[in-house]
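Below is structure-v5.csv, holding CSV, C-alpha atoms.
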```
chain,number,residue,atom,x,y,z
A,874,MET,CA,0.0,0.0,0.0
A,875,THR,CA,1.4,3.4,-1.0
A,876,ASP,CA,1.8,6.3,1.4
A,877,ALA,CA,-1.0,8.1,-0.3
A,878,GLU,CA,-3.3,5.1,0.1
A,879,LEU,CA,-2.5,5.0,3.8
A,880,VAL,CA,-3.2,8.7,4.1
A,881,ALA,CA,-6.6,8.1,2.5
A,882,ARG,CA,-7.3,5.3,4.9
A,883,VAL,CA,-6.4,7.4,7.9
A,884,LEU,CA,-8.7,10.2,6.7
A,885,ASP,CA,-11.4,7.6,6.3
A,886,GLY,CA,-11.2,6.9,10.0
A,887,HIS,CA,-8.6,4.1,10.1
A,888,VAL,CA,-6.4,6.2,12.3
A,889,ALA,CA,-4.2,3.3,13.4
A,890,ASP,CA,-2.8,3.1,9.9
A,891,PHE,CA,-0.9,6.3,10.6
A,892,ALA,CA,1.4,4.0,12.7
A,893,LEU,CA,2.4,2.4,9.4
A,894,LEU,CA,3.5,5.8,8.1
A,895,VAL,CA,5.4,6.3,11.3
A,896,ASP,CA,7.1,3.0,10.8
A,897,ARG,CA,8.1,3.8,7.2
A,898,HIS,CA,9.5,7.3,7.8
A,899,HIS,CA,10.2,7.9,11.5
A,900,ALA,CA,13.7,6.4,11.6
A,901,ASP,CA,14.8,8.3,8.5
A,902,CYS,CA,13.3,11.5,9.8
A,903,LEU,CA,14.9,11.2,13.2
A,904,ARG,CA,18.3,10.4,11.6
A,905,PHE,CA,18.1,13.4,9.3
A,906,ALA,CA,17.1,15.7,12.2
A,907,ARG,CA,19.9,14.3,14.3
A,908,HIS,CA,22.5,15.0,11.7
A,909,LEU,CA,21.0,18.4,10.9
A,910,LEU,CA,20.6,19.6,14.4
A,911,GLY,CA,23.5,17.7,15.9
A,912,ASN,CA,21.6,16.9,19.1
A,913,GLU,CA,19.6,13.8,19.9
A,914,HIS,CA,17.1,15.6,22.2
A,915,ASP,CA,16.4,18.4,19.7
A,916,ALA,CA,16.1,15.9,16.9
A,917,GLU,CA,13.5,13.9,18.7
A,918,ASP,CA,11.6,17.1,19.6
A,919,ALA,CA,11.6,18.3,16.0
A,920,THR,CA,10.7,14.9,14.6
A,921,GLN,CA,7.9,14.4,17.1
A,922,GLU,CA,6.4,17.8,16.3
A,923,ALA,CA,6.7,17.1,12.6
A,924,PHE,CA,4.7,13.9,12.8
A,925,VAL,CA,2.1,15.4,15.1
A,926,HIS,CA,1.8,18.4,12.7
A,927,ALA,CA,1.6,16.0,9.7
A,928,TYR,CA,-1.1,13.9,11.5
A,929,THR,CA,-3.3,16.8,12.4
A,930,SER,CA,-2.8,18.4,9.0
A,931,LEU,CA,-3.3,15.2,7.0
A,932,GLY,CA,-6.4,16.6,5.4
A,933,ARG,CA,-4.4,19.2,3.7
A,934,TYR,CA,-2.0,16.7,2.1
A,935,ASP,CA,-2.4,16.6,-1.7
A,936,GLU,CA,-2.0,13.0,-2.9
A,937,ARG,CA,-0.6,14.3,-6.2
A,938,ASN,CA,2.6,15.1,-4.3
A,939,LEU,CA,5.1,12.7,-2.7
A,940,PHE,CA,4.2,12.1,0.9
A,941,ARG,CA,7.8,11.9,1.9
A,942,ALA,CA,8.5,15.3,0.4
A,943,TRP,CA,5.5,16.7,2.2
A,944,LEU,CA,6.6,15.2,5.5
A,945,TYR,CA,10.2,16.3,5.1
A,946,ARG,CA,9.1,19.8,4.3
A,947,ILE,CA,7.3,19.9,7.7
A,948,LEU,CA,10.3,18.4,9.4
A,949,VAL,CA,12.7,20.9,7.8
A,950,ASN,CA,10.5,23.7,9.0
A,951,GLN,CA,10.3,22.2,12.5
A,952,CYS,CA,14.1,21.9,12.5
A,953,ARG,CA,14.5,25.5,11.4
A,954,THR,CA,12.0,26.7,14.0
A,955,LEU,CA,13.6,24.7,16.7
A,956,ALA,CA,17.1,25.8,15.7
A,957,ARG,CA,15.9,29.4,15.6
A,958,GLN,CA,14.4,29.1,19.1
A,959,ARG,CA,17.2,27.2,20.6
A,960,GLY,CA,20.0,28.3,18.3
A,961,ARG,CA,20.4,31.6,20.0
A,962,ARG,CA,22.8,29.7,22.2
A,963,ASP,CA,25.0,28.7,19.3
A,964,ARG,CA,23.6,30.4,16.2
A,965,ARG,CA,23.8,27.4,13.9
A,966,PHE,CA,21.2,28.8,11.6
A,967,VAL,CA,21.6,32.1,9.9
A,968,GLN,CA,19.2,34.1,7.7
A,969,ASP,CA,21.7,35.9,5.6
A,970,PRO,CA,21.7,34.5,2.1
A,971,ALA,CA,25.1,35.8,1.4
A,972,ARG,CA,26.4,33.8,4.3
A,973,VAL,CA,24.3,30.8,3.3
A,974,GLU,CA,25.9,30.7,-0.1
A,975,GLY,CA,29.2,31.9,1.0
A,976,ALA,CA,31.9,31.1,3.4
A,977,GLU,CA,32.8,28.1,5.3
A,978,HIS,CA,31.9,28.1,9.0
A,979,PRO,CA,34.1,26.8,11.7
A,980,ALA,CA,33.2,23.5,13.2
A,981,THR,CA,30.2,23.7,15.5
A,982,ALA,CA,30.9,22.6,19.0
A,983,GLY,CA,28.5,20.4,21.0
A,984,ARG,CA,27.6,17.9,18.3
A,985,ASP,CA,27.6,15.5,21.2
A,986,ASP,CA,25.8,12.5,19.9
A,987,LEU,CA,27.2,11.9,16.4
A,988,ARG,CA,30.2,9.8,15.6
A,989,GLU,CA,33.1,12.1,15.8
A,990,PRO,CA,34.5,12.1,12.2
A,991,LEU,CA,31.1,12.5,10.6
A,992,ALA,CA,30.0,15.0,13.2
A,993,ALA,CA,33.1,17.1,12.8
A,994,ALA,CA,32.7,17.1,9.0
A,995,LEU,CA,29.1,18.2,9.2
A,996,GLY,CA,29.9,20.7,11.8
A,997,ALA,CA,32.0,22.5,9.2
A,998,LEU,CA,29.0,23.3,7.1
A,999,GLU,CA,26.8,26.3,7.2
A,1000,PRO,CA,23.3,25.0,8.2
A,1001,ARG,CA,21.6,25.5,4.8
A,1002,MET,CA,24.5,23.8,3.1
A,1003,ARG,CA,24.3,21.0,5.7
A,1004,GLU,CA,20.5,20.7,5.1
A,1005,ALA,CA,21.0,20.5,1.3
A,1006,PHE,CA,23.9,18.1,1.6
A,1007,LEU,CA,22.0,15.8,4.0
A,1008,LEU,CA,18.9,15.7,1.8
A,1009,ARG,CA,21.0,14.9,-1.3
A,1010,TYR,CA,23.6,12.4,0.0
A,1011,GLY,CA,22.1,11.3,3.3
A,1012,GLU,CA,18.5,10.9,2.2
A,1013,GLY,CA,19.2,10.3,-1.5
A,1014,MET,CA,16.7,12.9,-2.8
A,1015,GLY,CA,16.7,14.3,-6.3
A,1016,TYR,CA,16.9,18.1,-6.7
A,1017,ALA,CA,13.3,18.5,-7.6
A,1018,GLU,CA,12.2,16.8,-4.4
A,1019,MET,CA,14.7,18.8,-2.4
A,1020,ALA,CA,13.2,22.0,-3.9
A,1021,ARG,CA,9.8,20.9,-2.6
A,1022,VAL,CA,11.2,20.1,0.8
A,1023,THR,CA,13.3,23.2,1.3
A,1024,GLY,CA,11.4,25.9,-0.7
A,1025,SER,CA,14.7,26.8,-2.4
A,1026,GLY,CA,15.4,26.7,-6.2
A,1027,VAL,CA,17.2,23.8,-7.8
A,1028,SER,CA,20.1,25.8,-8.9
A,1029,ALA,CA,20.6,27.2,-5.4
A,1030,LEU,CA,20.5,23.8,-4.0
A,1031,LYS,CA,23.0,22.4,-6.5
A,1032,MET,CA,25.3,25.3,-5.6
A,1033,ARG,CA,25.0,24.5,-1.8
A,1034,VAL,CA,25.6,20.8,-2.3
A,1035,LYS,CA,28.6,21.5,-4.5
A,1036,ARG,CA,30.1,23.9,-2.0
A,1037,ALA,CA,29.4,21.6,0.8
A,1038,LEU,CA,31.2,18.8,-0.9
A,1039,ALA,CA,34.1,21.1,-1.6
A,1040,ILE,CA,34.3,22.0,2.1
A,1041,LEU,CA,33.9,18.4,3.2
A,1042,ARG,CA,36.3,17.0,0.7
A,1043,PRO,CA,39.6,17.3,2.7
A,1044,ARG,CA,37.9,15.8,5.7
A,1045,LEU,CA,36.2,13.0,3.8
A,1046,GLU,CA,39.4,12.2,1.9
A,1047,GLU,CA,41.2,12.0,5.2
A,1048,LEU,CA,38.6,9.6,6.5
A,1049,LEU,CA,38.5,7.6,3.3
A,1050,GLY,CA,42.3,7.3,3.3
A,1051,GLY,CA,42.3,6.4,7.0
B,324,MET,CA,37.5,15.2,-10.3
B,325,ALA,CA,33.9,14.2,-10.6
B,326,GLU,CA,34.8,10.6,-9.9
B,327,ILE,CA,36.5,11.6,-6.6
B,328,GLU,CA,33.5,13.6,-5.6
B,329,ASP,CA,31.3,10.6,-6.4
B,330,ARG,CA,33.4,8.4,-4.2
B,331,LEU,CA,33.4,10.9,-1.4
B,332,ALA,CA,29.7,11.3,-1.6
B,333,ALA,CA,29.2,7.5,-1.6
B,334,TYR,CA,31.4,7.2,1.4
B,335,PHE,CA,29.4,9.9,3.2
B,336,ALA,CA,26.1,8.2,2.3
B,337,ALA,CA,27.4,4.9,3.6
B,338,GLU,CA,28.6,6.5,6.9
B,339,TYR,CA,25.4,8.3,7.2
B,340,ARG,CA,23.4,5.1,6.9
B,341,ARG,CA,25.7,3.4,9.4
B,342,SER,CA,25.1,6.1,12.0
B,343,PRO,CA,23.3,4.9,15.1
B,344,ALA,CA,19.8,3.7,14.5
B,345,PRO,CA,17.1,5.8,16.1
B,346,ALA,CA,15.9,4.5,19.4
B,347,ALA,CA,12.7,2.6,19.5
B,348,ALA,CA,11.8,4.6,22.6
B,349,ALA,CA,11.5,7.7,20.5
B,350,ARG,CA,9.0,6.0,18.2
B,351,ALA,CA,7.0,4.8,21.3
B,352,ARG,CA,7.0,8.3,22.7
B,353,LEU,CA,5.7,9.7,19.4
B,354,VAL,CA,3.0,7.1,19.1
B,355,GLY,CA,2.0,7.8,22.7
B,356,ARG,CA,1.8,11.5,21.9
B,357,LEU,CA,-0.3,10.8,18.7
B,358,ALA,CA,-2.8,8.9,20.8
B,359,SER,CA,-3.7,12.1,22.6
B,360,VAL,CA,-4.1,14.1,19.4
B,361,PRO,CA,-7.6,14.5,17.8
B,362,PRO,CA,-7.8,12.5,14.6
B,363,PRO,CA,-7.3,14.3,11.3
B,364,ARG,CA,-10.2,15.3,9.2
B,365,ARG,CA,-10.5,15.4,5.5
B,366,ARG,CA,-10.4,19.0,4.2
B,367,ALA,CA,-13.8,20.1,3.0
B,368,ARG,CA,-13.4,21.3,-0.6
B,369,ALA,CA,-15.3,24.3,-1.6
B,370,PHE,CA,-17.5,23.7,-4.7
B,371,ALA,CA,-16.6,20.0,-4.5
B,372,TRP,CA,-20.1,19.2,-5.7
B,373,LEU,CA,-19.3,21.1,-8.9
B,374,LEU,CA,-16.0,19.3,-9.4
B,375,GLY,CA,-17.2,15.8,-8.4
B,376,PRO,CA,-18.4,13.1,-10.8
B,377,ARG,CA,-21.9,13.3,-11.9
B,378,VAL,CA,-24.3,11.3,-14.1
B,379,VAL,CA,-25.4,13.1,-17.3
B,380,LEU,CA,-28.4,11.6,-19.0
B,381,SER,CA,-28.8,11.7,-22.7
B,382,PRO,CA,-31.4,14.2,-24.1
B,383,LEU,CA,-33.7,11.2,-25.0
B,384,ALA,CA,-33.5,9.8,-21.5
B,385,GLY,CA,-34.1,13.3,-20.1
B,386,ALA,CA,-37.1,13.7,-22.2
B,387,CYS,CA,-38.5,10.3,-21.2
B,388,ALA,CA,-37.9,11.2,-17.5
B,389,ALA,CA,-39.6,14.5,-18.0
B,390,LEU,CA,-42.6,12.9,-19.7
B,391,ALA,CA,-42.9,10.4,-16.9
B,392,LEU,CA,-42.9,13.2,-14.4
B,393,VAL,CA,-45.6,15.0,-16.5
B,394,ALA,CA,-47.7,11.9,-16.5
B,395,ILE,CA,-47.4,11.6,-12.7
B,396,GLY,CA,-48.1,15.2,-12.3
B,397,VAL,CA,-51.2,15.0,-14.5
B,398,ALA,CA,-52.5,12.1,-12.5
B,399,VAL,CA,-51.9,13.9,-9.2
B,400,SER,CA,-53.1,17.4,-9.5
B,401,PRO,CA,-54.8,19.6,-12.0
B,402,THR,CA,-53.0,22.6,-10.6
B,403,LEU,CA,-49.6,20.8,-10.8
B,404,ARG,CA,-50.5,19.8,-14.3
B,405,ASP,CA,-50.8,23.4,-15.3
B,406,THR,CA,-47.5,24.2,-13.7
B,407,LEU,CA,-45.7,21.3,-15.3
B,408,ARG,CA,-46.9,22.2,-18.7
B,409,VAL,CA,-45.0,25.4,-18.3
B,410,ALA,CA,-42.0,24.0,-16.5
B,411,LEU,CA,-41.1,20.8,-18.3
B,412,PRO,CA,-40.9,21.4,-22.0
B,413,ARG,CA,-37.1,21.8,-21.7
B,414,PRO,CA,-35.7,18.3,-20.9
B,415,ALA,CA,-32.0,18.7,-20.1
B,416,SER,CA,-29.2,16.9,-18.5
B,417,THR,CA,-29.9,16.0,-15.0
B,418,PRO,CA,-27.3,16.1,-12.3
B,419,ALA,CA,-27.1,13.1,-10.0
B,420,ALA,CA,-27.9,13.5,-6.4
B,421,GLY,CA,-24.2,12.9,-5.5
B,422,GLY,CA,-21.9,15.4,-4.0
B,423,THR,CA,-22.7,14.7,-0.4
B,424,ARG,CA,-20.1,12.8,1.4
B,425,VAL,CA,-20.1,11.3,4.8
B,426,PRO,CA,-17.5,13.4,6.7
B,427,ALA,CA,-14.4,11.4,7.4
B,428,GLY,CA,-14.5,12.9,10.9
B,429,GLY,CA,-17.6,10.8,11.5
B,430,ALA,CA,-15.3,7.8,11.9
B,431,GLY,CA,-13.1,9.7,14.2
B,432,SER,CA,-14.6,8.3,17.4
B,433,GLU,CA,-11.7,5.8,17.3
B,434,ARG,CA,-8.7,6.8,19.3
B,435,LEU,CA,-5.2,5.3,19.4
B,436,VAL,CA,-4.6,3.8,22.8
B,437,GLN,CA,-1.1,3.0,23.8
B,438,PHE,CA,-0.8,-0.2,25.9
B,439,VAL,CA,2.3,-0.8,27.9
B,440,LEU,CA,3.2,-3.8,30.0
B,441,VAL,CA,6.6,-4.4,31.7
B,442,ALA,CA,7.4,-8.0,31.3
B,443,PRO,CA,11.1,-8.5,31.0
B,444,GLY,CA,11.0,-12.3,30.9
B,445,ALA,CA,8.3,-12.6,28.2
B,446,SER,CA,9.1,-13.8,24.7
B,447,ARG,CA,5.9,-12.4,23.3
B,448,VAL,CA,3.0,-10.3,24.5
B,449,GLY,CA,-0.3,-9.2,23.0
B,450,VAL,CA,-3.2,-7.2,24.2
B,451,VAL,CA,-6.7,-8.6,23.9
B,452,GLY,CA,-10.0,-6.9,24.5
B,453,ASP,CA,-13.5,-6.4,23.3
B,454,PHE,CA,-12.0,-4.0,20.7
B,455,ASN,CA,-10.1,-6.7,18.9
B,456,GLY,CA,-12.5,-9.6,19.4
B,457,TRP,CA,-10.2,-11.0,22.2
B,458,ASP,CA,-7.8,-12.3,19.5
B,459,PRO,CA,-4.5,-13.1,21.2
B,460,LEU,CA,-2.7,-12.5,17.8
B,461,GLY,CA,-4.8,-9.4,16.9
B,462,SER,CA,-2.6,-6.8,18.6
B,463,PRO,CA,1.0,-8.1,19.1
B,464,MET,CA,3.1,-5.8,21.2
B,465,ARG,CA,6.7,-4.7,20.5
B,466,ARG,CA,9.5,-5.1,23.0
B,467,ILE,CA,11.2,-1.9,24.1
B,468,GLY,CA,13.7,-2.8,26.7
B,469,ASP,CA,11.8,-4.5,29.5
B,470,ALA,CA,8.5,-3.1,28.3
B,471,TRP,CA,6.1,-4.2,25.7
B,472,THR,CA,3.9,-1.7,23.9
B,473,VAL,CA,1.4,-1.4,21.1
B,474,ALA,CA,-1.0,1.3,19.9
B,475,VAL,CA,-4.5,0.1,19.1
B,476,PRO,CA,-7.5,2.0,17.7
B,477,VAL,CA,-10.3,1.8,20.2
B,478,SER,CA,-13.7,3.3,19.9
B,479,ARG,CA,-14.9,5.7,22.6
B,480,GLY,CA,-16.5,4.2,25.7
B,481,ARG,CA,-15.8,1.6,28.3
B,482,HIS,CA,-13.6,-1.4,27.3
B,483,VAL,CA,-12.4,-4.5,29.1
B,484,TYR,CA,-9.0,-5.8,28.2
B,485,ALA,CA,-6.0,-7.9,29.3
B,486,PHE,CA,-2.5,-8.9,28.2
B,487,VAL,CA,-1.6,-12.4,27.0
B,488,VAL,CA,2.0,-13.3,27.8
B,489,ASP,CA,3.7,-16.0,25.9
B,490,GLY,CA,0.5,-17.0,24.3
B,491,THR,CA,-1.0,-18.6,27.3
B,492,ARG,CA,-0.8,-16.4,30.5
B,493,TRP,CA,-3.4,-13.7,30.8
B,494,VAL,CA,-2.4,-10.7,32.9
B,495,SER,CA,-4.4,-7.7,34.0
B,496,ASP,CA,-3.0,-4.2,33.5
B,497,PRO,CA,-1.3,-3.3,36.8
B,498,ALA,CA,-1.9,0.4,36.0
B,499,ALA,CA,-5.6,0.1,35.5
B,500,PRO,CA,-8.6,-0.9,37.6
B,501,LEU,CA,-9.8,-4.4,37.5
B,502,ALA,CA,-13.0,-5.1,35.6
B,503,PRO,CA,-15.7,-6.7,37.7
B,504,GLU,CA,-16.6,-9.1,35.0
B,505,ASP,CA,-14.4,-12.2,35.0
B,506,GLU,CA,-16.6,-14.7,33.2
B,507,PHE,CA,-13.7,-17.0,32.3
B,508,GLY,CA,-11.7,-16.7,35.4
B,509,PHE,CA,-9.2,-14.3,33.9
B,510,ARG,CA,-8.2,-11.1,35.5
B,511,LYS,CA,-9.1,-8.2,33.2
B,512,SER,CA,-8.8,-4.5,33.4
B,513,VAL,CA,-11.1,-1.7,32.4
B,514,MET,CA,-10.6,1.6,30.7
B,515,VAL,CA,-12.7,4.4,29.4
B,516,VAL,CA,-11.8,6.0,26.1
B,517,ALA,CA,-12.9,9.6,25.8
B,518,GLY,CA,-14.2,10.9,22.5
B,519,ALA,CA,-12.3,13.3,20.3
B,520,ASP,CA,-14.8,16.1,21.2
B,521,SER,CA,-14.3,15.6,24.9
B,522,THR,CA,-10.6,16.5,24.9
```
Starting from the file, lay out its structure as structure tokens.
Amino acid sequence: MTDAELVARVLDGHVADFALLVDRHHADCLRFARHLLGNEHDAEDATQEAFVHAYTSLGRYDERNLFRAWLYRILVNQCRTLARQRGRRDRRFVQDPARVEGAEHPATAGRDDLREPLAAALGALEPRMREAFLLRYGEGMGYAEMARVTGSGVSALKMRVKRALAILRPRLEELLGG
Amino acid sequence: MAEIEDRLAAYFAAEYRRSPAPAAAARARLVGRLASVPPPRRRARAFAWLLGPRVVLSPLAGACAALALVAIGVAVSPTLRDTLRVALPRPASTPAAGGTRVPAGGAGSERLVQFVLVAPGASRVGVVGDFNGWDPLGSPMRRIGDAWTVAVPVSRGRHVYAFVVDGTRWVSDPAAPLAPEDEFGFRKSVMVVAGADST
């Protein structure tokens, strides 16, 4: 049964079928949020809020679109909101497009629950770059789907991924060589 | 150049997938939270009756239907006969009586109820109750550490239930009151599920 069919069943009153959608997507969402936010607790909060929001808003889901993209869009917004609320402590997310597309940021401290090499490499990325890079190479999304998820244009996303890869390259080469 | 980047990206993707699996406890907490959320409703579409499927009769069928109505009207009332003579000479396509849907929210009296039983020594646990026909295999529970849990849709109202441990041993819920009815000698528990509109 497809995601869209499950959504239709939930809306027809078979609410327990939402658990199947949770089973399909929860692990991936949580892993993505964990890598994006760099914190297990924040990731669980964002993922939980995303699923609750998706559940209560299920009537607004348009079955012509991919459910995963719709869900990830909610999740990305939750992560951004959470990071904005809590990020005042470390300012991981910035709103300046020039900075988004521009310079490398120093590694972010406090990524306490990721494996160290990967955490350090991701910590080097500006958040929108990290977001795009994780969607592309972590979640394996195409650029059209990424555009639906992030609300950004395809060319901007390609640029972010390319720059992210350039930034990560020395670290990844080091890891690959080691 | 591109080949190196592909290799690096593939390496990253593999590392990403190997990162620690999300805890089952987080899923259980999510499902527990969802159980307290009102069920979703299908969005009402404005002008849906205009956009929905309809039956369009051929002009001939419309004319026959109109003539049948005229005949009925003539037989029923002279006054109506006069009215129909004016109103019915234009047989046309007739929309079906569709367009009205039973609101999906009508089935929303079901709520997800999260059952939890701590049974570290068990090899399998299920919940049985009047909501699943007392089927020991109907609602198998998942192990999370020492606890077993499952979310089951239950209609509003009072329900009697129990846990079945290892397929044979019936256990009441230590966190819920015992049900007075014990027809088969099993200890059962009782719960009351509130409706979506009472939360």
Distance-based interface of chain A with chain B, 9 Å, counting only C-alpha atoms, as a count of residues only: 45
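The two atoms in question, CA of Gln951 (chain A) and CA of Leu910 (chain A), are spaced 10.8 Å apart.
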Of the listed residues B:Trp471, B:Phe438, B:Trp493, B:Tyr484, that which approaches Gly456 (chain B) most closely, counting only C-alpha atoms: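 Closest candidate: B:Tyr484.
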Between CA of Glu936 (chain A) and CA of Val880 (chain A) - distance in Å to one decimal: 8.3 Å
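Our summary of the geometry notes that CA of Leu948 (chain A) is positioned 7.8 Å from CA of Ala906 (chain A).
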